[in-house]
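Comments concern the structure below.
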Amino acid sequence: MVKKMLKIIGMILGLIFIILATTAISFCYRNTHWWEKDMKSIEKLGVQEKQITLPNGNTINYGELDGDGPALLLIHGQMVAWEEYASVIPDLSKNWHIYAVDLYGHGESSHEEELYYLDVNGDDLILFIDNVIGEDTVVSGHSNGALLAAYIAAYGSDLVKGVVLEDPPVFSTQGENWETSFAYLDTYQPLHEYISSEQTECWPAYYLRHCYWGQLFMKDAMPGLANYAQKYREKHPNEEVKIMFLPSSITTVFHYVEQYDMLYGEHFYDLTWNNGITHEEMLSDIDIPCVYLHAKENVAETGVYLCAASREQADRAVSYIGENCRLIETENSDHNIHGSHEDIYLDAVNSFLEERYDDYAE
């Protein structure tokens, strides 16, 4: 009887071990291959990666998927590339003809420091709409890409019919409490210090050693994670740094950083990216329908805003745009709204089908 009980216990423990091991392996695999499923999905749908060289000689790299409906231009945020939208492109393609661009200094678009300004990149994206898309277009931008979307909405041609501003860092990135903002403390200050250093370790290792979120929530673990990242880079010098025990929400930028010009970020650090354009002026010049998606305000015990913009800043931005702007706030402060709140994002984009494109909504 005892032997039988021990055998049963052993089988149960073995089963538990297998389940835990399988779960751990699956978790680690997802963390290091998170993009593959989404990329395979859009490749199956027929997405094509293309490049256009504008008359001024600048190159814009983009992904295009000829879906059913009007044109939608997607503009990504910092340190990623157009493929970062792969998770939502399949659903978007049900109603839209999608153009997703690489910003200058990112991906395969031109990497020249003189292009890393709001108006320079914005004007070339307006040229892209006018000369490549060539039809009525809704523009959706994320983070600093949302500021570019705002610029296009304000100063683009009549082809620009609507805009979705996905959690833009309004006012802070022109200097308002900038040095106490999460973006500055977590990304731009470490990036500036890394550029200015001897760079004895790779950027992922340096970032993990100095990032603000790590100091807030995992201070004791960060040196070990940084050392792991550096050893990974030394062992795999030509590969993306993969950390199997960190979720992709943390390591996403490592996937794209090899195609990112850090001088782009330097223009945010020293507040030159706006190139003399104030957010107040730009937002006030938007007179087309707009949806502003705001990630809920979250403040650390240190007083630092763990969000792209406070609720007050978001309200102020909407007030500058005026009655043609709708503010939608999520229930948490996850900055990547199209990734973490896909339904909210899709509803915001597709709302323009009803307002402006009734013939495509059937």
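Letters A, B, ... go to the chains of the structure tokens in the order shown; residues in each chain start at 1; ligands are counted from 1 in the same order.
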
Name the residues of region 80-216 of chain A that come out as alpha helix (DSSP H) in a backbone DSSP run; write them as an MDAnalysis selection string. chainID A and resid 89:92 118:128 144:155 182:183 189:196 203:210 212:216

Would you mind listing what lies within 10 Å of Tyr269 (chain A) as a PyMOL selection string, with only C-alpha atoms counted and same-chain residues fewer than 3 positions away left out? chain A and resi 173+175+178-179+183-185+187-192+263-266+272-273

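Between CA of Asp285 (chain A) and CA of Tyr151 (chain A) the interatomic distance comes to 8.8 Å.
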
Could you pull out the strand (DSSP E or B) residues of region 33-266 of chain A, going by DSSP on the backbone, and write them as a ChimeraX atom specification? /A:48-53,59-65,71-75,97-101,137-142,160-166,181

Within 7 Å of region 82-88 of chain A, counting only C-alpha atoms, which residues qualify if same-chain residues fewer than 2 places away don't, as a PyMOL selection string? chain A and resi 38-39+42+62-63+76+80+90-92+100-102

Contact table region 114-180 of chain A vs region 340-348 of chain A, cut-off 10 Å, shortest pair per residue, only C-alpha atoms, as a Markdown table:
```
| residue | atom | partner | partner_atom | distance |
| --- | --- | --- | --- | --- |
| A:Ser140 | CA | A:Ala348 | CA | 9.7 |
| A:Val163 | CA | A:Ala348 | CA | 9.6 |
| A:Val164 | CA | A:Ala348 | CA | 7.2 |
| A:Leu165 | CA | A:Ala348 | CA | 9.7 |
| A:Glu166 | CA | A:Tyr345 | CA | 8.3 |
```

Region 309-319 of chain A: which residues within 12 Å, counting only C-alpha atoms, same-chain residues fewer than 6 positions away excluded, as a PyMOL selection string? chain A and resi 143-144+147+150+165-173+176-178+181-183+278-287+289-299+303+325-330+333-335

Under the rule that only C-alpha atoms are counted, which of A:Ala71, A:Val47, A:Tyr212, A:Leu65 is the nearest residue to Tyr305 (chain A)? A:Tyr212

Residues within 10 Å of region 215-217 of chain A, only C-alpha atoms, excluding chain neighbours under 3 positions, as a ChimeraX atom specification: /A:186,208-212,220-222,300-302

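Among A:Thr200, A:Ser93, A:Asn275, A:Asn131, the residue with the shortest atom-to-atom distance to Leu45 (chain A), counting only C-alpha atoms, is A:Ser93.
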